[in-house]
Amino acid sequence: MTTKTTRQLRRTAMSFALLAPGLALAQADTSEWKCESCPFDSGARAAYEAGGTYVSDDAARFGNGTGYDEKGGYANLDGAGRLVSDEYLLDWTFADLGVDSRMLQIDGGLQGKFGFHLGYRELPYRRFDTTSTIFTQAASDRLLLPSGWVPAGTTAGFTQLAASLVPQNIGTDRQIVDLGADWTPANQFRLFADFRRQTRDGIDITSGPSYTQTSFLPRFIDFETDQIDAGVQYATERASLTLAYYGSFFTNNNPSLTWETPYTAAPGATTLRMAREPDNDFQQVSLSGKYRFDAADTIIAASLATGTGEQDQDLLPYTINPDLVGNALPVPSLGAEVDTMNYALMLTSRPFDKVRVKFGYRYDERDNTTPQYDWTRVIVDLFALGEAEQNTPYSFERSHLTLSGELVTWKDIRISGGYDRRTIKRDYQEVAEQTVDEGWGQMRWQPLAWFDFTLKGGASERDIDRYDETVGISLGQNPLMRKYYLAYRYRTFGELVASITPVDSPLAFTTTVLMADDSYSQSRLGLTDSEELRVTADLSWAIAESTSVYFMVGHEAIDALQTGSEQFSTYDWVARHDDTFDHFGAGLRYAPVDGKLALRFDYNRGDGNTSIFVDSLSGGPSDLPDLESTLDSARIEASYAFSERLEGTFDLRYERFELADFAMVSEATLPTVLTMGADPYDYDVYAVGIGIRYRFGVEKLELAD
């Protein structure tokens with residue numbers, strides 16, 4: 001039985017299992033479920049929708065997040081309901097049971113006493129359906145070359161490449177199960193516990209290097225993550241205090257990957273191996289609370305948390321090359337441990353009617369206490385270095401101070417401003433300490449209830465104690481190179497927001513303009529300048545009580561300048577990156593109160609373009625091919641009410657996406673890189689669905705979008 005067939009059978013079984021309780025409820029007599037004294041609307045009500053959807057073509061990206069990635073028909077089943085009896089409440093919702101994006105949520109409990117929830121979700125991630133590979137899976141962690149493969153030094157010499165390629169889709173599925181409950185044994189105490197299991201399986205792409213060559217490999221993923229949240233809370237009208245525990249436990253069922261290299265290799269190095277993400281866990285205990293003072297309308301909140309992350313996976317040997325005699329590992333497992341500690345304080349106050357102030361401070365520490373050992377590495381199962389190197393236990397400390405205030409002045413003009421300081425200290429990196437100081441001011445003017453104008457501006461400076469060039473030199477880097485996230489930076493920014501929403505007018509308009517400029521004036525190599533401009537506008541128009549339309553446009557431009565060196569000295573080439581993104585959207589809503597027909601239409605278009613201009617001392621000026629993308633999407637939804645309870649539904653979705661990306665090349669385009677030949681996205685897909693929706697119970701219930 002194929003994997004696809006198994007998945008379809010699982011979907012069908014789950015659909016029937018979830019539908020059965022709903023059908024039983026729908027057939028029951030709801031007249032006895034009414035309760036005049038209940039805190040909720042007593043009784044039962046539910047809405048179910050069943051139908052089908054047809055997808056015109058295979059398209060991985062169209063099915064990303066939805067599950068509609070393959071051509072053909074899909075069954076749809078959605079539902080929602082509520083059951084109330086006395087003070088008990090039960091809510092349930094399920095959607096998309098026929099596709100890989102299905103979800104189920106059940107909530108219930110007794111008002112003021114206890115509650116519970118159960119949830120299940122699937123999240124499909126579809127990346128490529130145009131990829132191919134020469135590798136076959138011998139096991140979940142082992143890849144083999146095809147029989148008769150002829151190794152060569154470059155991809156041009158792979159005489160069996162075309163005959164050995166087989167299609168291999170790239171994508172994963174994520175399943176999430178949520179269980180939780182809370183109990184209130186007394187008026188001021190609440191106990192809660194939540195458990196989440198998340199599994200992820202499928203195929204991703206990873207690179208398998210063999211010194212000067214590499215191959216893109218289909219990597220089989222099998223992850224599990226368990227998370228636990230539990231605690232106790234004490235709350236009164238003035239104060240609350242919560243003691244909580246959090247645990248996260250990650251398991252990788254494929255902790256290594258072994259593959260046969262397609263390139264010509266030395267004896268003993270034809271099979272290679274790499275380690276993957278190790279099993280690890282993190283546990284934390286936290287205490288948080290807040291208190292409200294009547295004086296000056298003041299609230300103070302604080303939190304304190306301490307935790308430990310551990311990783312003790314058994315280490316792989318230095319090499320699987322039988323012809324290399326290497327040293328033994330210093331320890332069988334690393335015994336890695338990182339201790340965390342953070343605390344925060346927040347104070348908000350309104351000392352006067354027209355004055356509001358806010359103060360906050362947060363401190364976050366990561367102390368890597370992993371032991372250091374001497375390691376004698378083997379490079380790609382081929383070269384034994386023989387020189388001892390130590391692992392680097394990176395640690396850091398971060399703090400964030402914020403202070404802001406607001407003053408209401410003449411004619412309801414609100415003047416506000418603030419100051420932020422962020423400090424970070426690191427170990428074993430080029431910059432040991434850096435500080436970011438930011439100040440901003442804002443004016444908000446609302447002379448009329450329907451007119452709102454806000455203007456904000458400010459500047460920030462990221463200062464560093466010094467840039468340690470010896471760290472870069474030890475890694476073989478140019479000592480003049482500056483990493484953009486560690487370098488000195490001065491930023492200025494401004495933002496304007498205006499909205500016009502007349503109460504008696506059918507029109508509403510909002511516009512936003514954002515500008516930012518970054519200068520890395522102390523960087524001689526690396527990113528030196530960056531500018532950003534973003535403009536948006538939205539217009540909505542209520543044509544009639546039953547009809548409305550909207551329009552929106554947006555433009556974003558990002559320009560950046562980068563310098564580099566071919567000669568390992570001062571800069572001898574520059575590159576300018578120009579990114580532009582444009583978006584347009586429009587829509588229509590038609591929903592008469594007493595009508596039978598309801599319509600909804602949405603259209604969106606997005607265009608993106610990246611131009612890269614390079615000017616070098618050796619090669620002169622040149623342009624790289626533009627990176628371009630165009631997305632058109634449209635959706636029509638319609639429903640027709642045959643009766644008060646029965647509706648017919650129609651849904652039509654269309655999407656066209658084109659991408660030009662010079663980095664996506666065929667399997668043998670690069671002489672020392674064997675790719676999986678992913679094609680740039682280029683598809684036209686429509687999906688059409690029809691369904692029947694029926695409502696049960698004492699009160700109308702709408703399905704969520």
# chains A, B, ... in the order shown; residues from 1 in each chain; ligands from 1
$ residues_around --residues "region 660-666 of chain A" --least-positions-apart "2" --cutoff "10 Å" --atoms "only C-alpha atoms" --output "MDAnalysis selection string"
chainID A and resid 131:132 609:610 624:630 658 668:670 674:682
$ write_last_selection --atoms "N, CA and C atoms" --output "JSON list (two decimals), in the first residue's frame"
[["chain", "number", "residue", "atom", "x", "y", "z"],
["A", 131, "THR", "N", 11.33, 18.60, -8.23],
["A", 131, "THR", "CA", 12.68, 18.15, -7.89],
["A", 131, "THR", "C", 12.87, 16.67, -8.21],
["A", 132, "SER", "N", 14.15, 16.30, -8.44],
["A", 132, "SER", "CA", 14.53, 14.93, -8.74],
["A", 132, "SER", "C", 15.82, 14.61, -8.01],
["A", 609, "ASN", "N", 10.49, 42.67, -7.25],
["A", 609, "ASN", "CA", 11.65, 42.73, -8.15],
["A", 609, "ASN", "C", 12.89, 43.07, -7.35],
["A", 610, "THR", "N", 13.96, 42.33, -7.58],
["A", 610, "THR", "CA", 15.26, 42.60, -6.96],
["A", 610, "THR", "C", 16.30, 42.77, -8.05],
["A", 624, "LEU", "N", 23.50, 41.51, -12.38],
["A", 624, "LEU", "CA", 23.02, 40.14, -12.24],
["A", 624, "LEU", "C", 21.59, 40.07, -12.77],
["A", 625, "PRO", "N", 21.15, 38.89, -13.20],
["A", 625, "PRO", "CA", 19.75, 38.79, -13.65],
["A", 625, "PRO", "C", 18.79, 39.19, -12.53],
["A", 626, "ASP", "N", 17.74, 39.89, -12.90],
["A", 626, "ASP", "CA", 16.76, 40.33, -11.91],
["A", 626, "ASP", "C", 16.04, 39.12, -11.30],
["A", 627, "LEU", "N", 15.72, 39.25, -10.02],
["A", 627, "LEU", "CA", 14.86, 38.29, -9.34],
["A", 627, "LEU", "C", 13.45, 38.87, -9.37],
["A", 628, "GLU", "N", 12.52, 38.14, -9.98],
["A", 628, "GLU", "CA", 11.18, 38.67, -10.20],
["A", 628, "GLU", "C", 10.13, 37.66, -9.74],
["A", 629, "SER", "N", 9.03, 38.18, -9.24],
["A", 629, "SER", "CA", 7.90, 37.33, -8.86],
["A", 629, "SER", "C", 6.61, 38.10, -9.08],
["A", 630, "THR", "N", 5.59, 37.37, -9.54],
["A", 630, "THR", "CA", 4.28, 37.95, -9.77],
["A", 630, "THR", "C", 3.23, 36.96, -9.27],
["A", 658, "GLU", "N", 4.41, 33.36, -10.88],
["A", 658, "GLU", "CA", 5.59, 33.24, -11.72],
["A", 658, "GLU", "C", 6.80, 33.76, -10.95],
["A", 668, "ALA", "N", 22.86, 19.55, -13.17],
["A", 668, "ALA", "CA", 24.28, 19.55, -13.57],
["A", 668, "ALA", "C", 24.78, 20.92, -14.02],
["A", 669, "THR", "N", 24.04, 21.99, -13.73],
["A", 669, "THR", "CA", 24.49, 23.32, -14.17],
["A", 669, "THR", "C", 25.82, 23.71, -13.54],
["A", 670, "LEU", "N", 25.98, 23.44, -12.25],
["A", 670, "LEU", "CA", 27.22, 23.77, -11.55],
["A", 670, "LEU", "C", 28.13, 22.55, -11.54],
["A", 674, "LEU", "N", 25.81, 19.06, -7.25],
["A", 674, "LEU", "CA", 24.71, 18.28, -7.82],
["A", 674, "LEU", "C", 23.43, 18.70, -7.11],
["A", 675, "THR", "N", 22.58, 19.43, -7.82],
["A", 675, "THR", "CA", 21.35, 19.93, -7.22],
["A", 675, "THR", "C", 20.22, 18.92, -7.43],
["A", 676, "MET", "N", 19.04, 19.28, -6.94],
["A", 676, "MET", "CA", 17.85, 18.46, -7.17],
["A", 676, "MET", "C", 16.96, 19.07, -8.24],
["A", 677, "GLY", "N", 17.49, 20.10, -8.93],
["A", 677, "GLY", "CA", 16.84, 20.61, -10.13],
["A", 677, "GLY", "C", 15.48, 21.23, -9.94],
["A", 678, "ALA", "N", 15.26, 21.94, -8.82],
["A", 678, "ALA", "CA", 13.96, 22.58, -8.61],
["A", 678, "ALA", "C", 13.74, 23.69, -9.64],
["A", 679, "ASP", "N", 12.58, 23.67, -10.29],
["A", 679, "ASP", "CA", 12.25, 24.71, -11.24],
["A", 679, "ASP", "C", 11.67, 25.92, -10.52],
["A", 680, "PRO", "N", 11.93, 27.12, -11.03],
["A", 680, "PRO", "CA", 11.25, 28.29, -10.46],
["A", 680, "PRO", "C", 9.74, 28.13, -10.60],
["A", 681, "TYR", "N", 8.99, 28.61, -9.62],
["A", 681, "TYR", "CA", 7.54, 28.46, -9.64],
["A", 681, "TYR", "C", 6.94, 29.12, -10.88],
["A", 682, "ASP", "N", 6.03, 28.41, -11.53],
["A", 682, "ASP", "CA", 5.33, 28.94, -12.69],
["A", 682, "ASP", "C", 4.08, 28.09, -12.88]]
$ atom_distance --atom1 "CA of Thr402 (chain A)" --atom2 "CA of Gly360 (chain A)"
5.1 Å
$ residues_around --residues "Ser56 (chain A)" --least-positions-apart "3" --cutoff "6 Å" --atoms "only C-alpha atoms" --output "number ranges by chain"
A: 71, 685-686
$ select_by_dssp --residues "region 139-345 of chain A" --states "strand (DSSP E)" --output "MDAnalysis selection string"
chainID A and resid 139 142:144 166:167 170:186 189:210 213:235 239:252 256:260 271:275 280:293 298:311 336:345
$ residues_around --residues "Val84 (chain A)" --least-positions-apart "3" --cutoff "7 Å" --atoms "only C-alpha atoms" --output "PyMOL selection string"
chain A and resi 42-44+88-90
$ closest_residue --among "A:Ala193, A:Val357, A:Leu345, A:Ala244" --to "Thr306 (chain A)" --atoms "only C-alpha atoms"
A:Ala244
$ residues_around --residues "region 415-430 of chain A" --least-positions-apart "5" --cutoff "7 Å" --atoms "only C-alpha atoms" --output "PyMOL selection string"
chain A and resi 394-408+435-444+467-469+471
$ write_last_selection --atoms "N, CA and C atoms" --output "short mmCIF file (atom, residue, chain, number, x, y, z; two decimals), in the first residue's frame"
data_model
loop_
_atom_site.label_atom_id
_atom_site.label_comp_id
_atom_site.auth_asym_id
_atom_site.auth_seq_id
_atom_site.Cartn_x
_atom_site.Cartn_y
_atom_site.Cartn_z
N TYR A 394 29.20 29.43 23.76
CA TYR A 394 28.74 30.81 23.64
C TYR A 394 27.72 31.14 24.74
N SER A 395 27.87 32.32 25.33
CA SER A 395 26.94 32.82 26.33
C SER A 395 26.63 34.29 26.03
N PHE A 396 25.57 34.81 26.61
CA PHE A 396 25.28 36.23 26.43
C PHE A 396 24.40 36.72 27.57
N GLU A 397 24.37 38.04 27.73
CA GLU A 397 23.49 38.75 28.65
C GLU A 397 22.83 39.89 27.89
N ARG A 398 21.54 40.03 28.04
CA ARG A 398 20.80 41.10 27.37
C ARG A 398 19.93 41.84 28.37
N SER A 399 19.84 43.13 28.20
CA SER A 399 18.95 43.93 29.03
C SER A 399 18.24 44.96 28.15
N HIS A 400 17.03 45.31 28.55
CA HIS A 400 16.22 46.25 27.78
C HIS A 400 15.50 47.17 28.74
N LEU A 401 15.80 48.45 28.64
CA LEU A 401 15.18 49.49 29.46
C LEU A 401 14.31 50.35 28.57
N THR A 402 13.07 50.61 28.98
CA THR A 402 12.17 51.44 28.19
C THR A 402 11.44 52.41 29.11
N LEU A 403 11.30 53.64 28.63
CA LEU A 403 10.61 54.69 29.37
C LEU A 403 9.83 55.53 28.37
N SER A 404 8.53 55.72 28.63
CA SER A 404 7.71 56.50 27.72
C SER A 404 6.66 57.26 28.50
N GLY A 405 6.12 58.30 27.86
CA GLY A 405 5.08 59.10 28.49
C GLY A 405 4.19 59.74 27.45
N GLU A 406 2.98 60.10 27.88
CA GLU A 406 2.02 60.73 26.98
C GLU A 406 1.34 61.88 27.72
N LEU A 407 1.16 63.01 27.01
CA LEU A 407 0.52 64.19 27.56
C LEU A 407 -0.57 64.66 26.60
N VAL A 408 -1.77 64.83 27.12
CA VAL A 408 -2.89 65.34 26.33
C VAL A 408 -2.89 66.86 26.46
N THR A 435 25.56 48.51 22.63
CA THR A 435 24.43 49.21 23.24
C THR A 435 23.65 49.93 22.15
N VAL A 436 22.35 49.80 22.20
CA VAL A 436 21.47 50.50 21.26
C VAL A 436 20.63 51.49 22.04
N ASP A 437 20.79 52.78 21.74
CA ASP A 437 19.99 53.85 22.34
C ASP A 437 19.03 54.39 21.29
N GLU A 438 17.75 54.44 21.66
CA GLU A 438 16.74 54.90 20.72
C GLU A 438 15.81 55.89 21.39
N GLY A 439 15.55 56.99 20.70
CA GLY A 439 14.60 57.98 21.18
C GLY A 439 13.56 58.27 20.11
N TRP A 440 12.34 58.50 20.52
CA TRP A 440 11.28 58.76 19.56
C TRP A 440 10.27 59.74 20.13
N GLY A 441 9.59 60.42 19.23
CA GLY A 441 8.53 61.33 19.62
C GLY A 441 7.33 61.16 18.70
N GLN A 442 6.16 61.43 19.23
CA GLN A 442 4.94 61.22 18.45
C GLN A 442 3.90 62.27 18.79
N MET A 443 3.18 62.72 17.77
CA MET A 443 2.06 63.63 17.94
C MET A 443 0.83 63.00 17.30
N ARG A 444 -0.25 62.93 18.08
CA ARG A 444 -1.51 62.41 17.55
C ARG A 444 -2.58 63.49 17.70
N TYR A 467 35.56 46.38 17.76
CA TYR A 467 35.42 45.22 16.89
C TYR A 467 36.74 44.46 16.92
N ASP A 468 36.72 43.25 17.49
CA ASP A 468 37.93 42.45 17.66
C ASP A 468 38.26 41.76 16.33
N GLU A 469 39.22 42.29 15.60
CA GLU A 469 39.57 41.76 14.29
C GLU A 469 40.27 40.41 14.38
N VAL A 471 39.34 37.81 15.93
CA VAL A 471 38.37 36.71 15.81
C VAL A 471 38.15 36.37 14.35
#
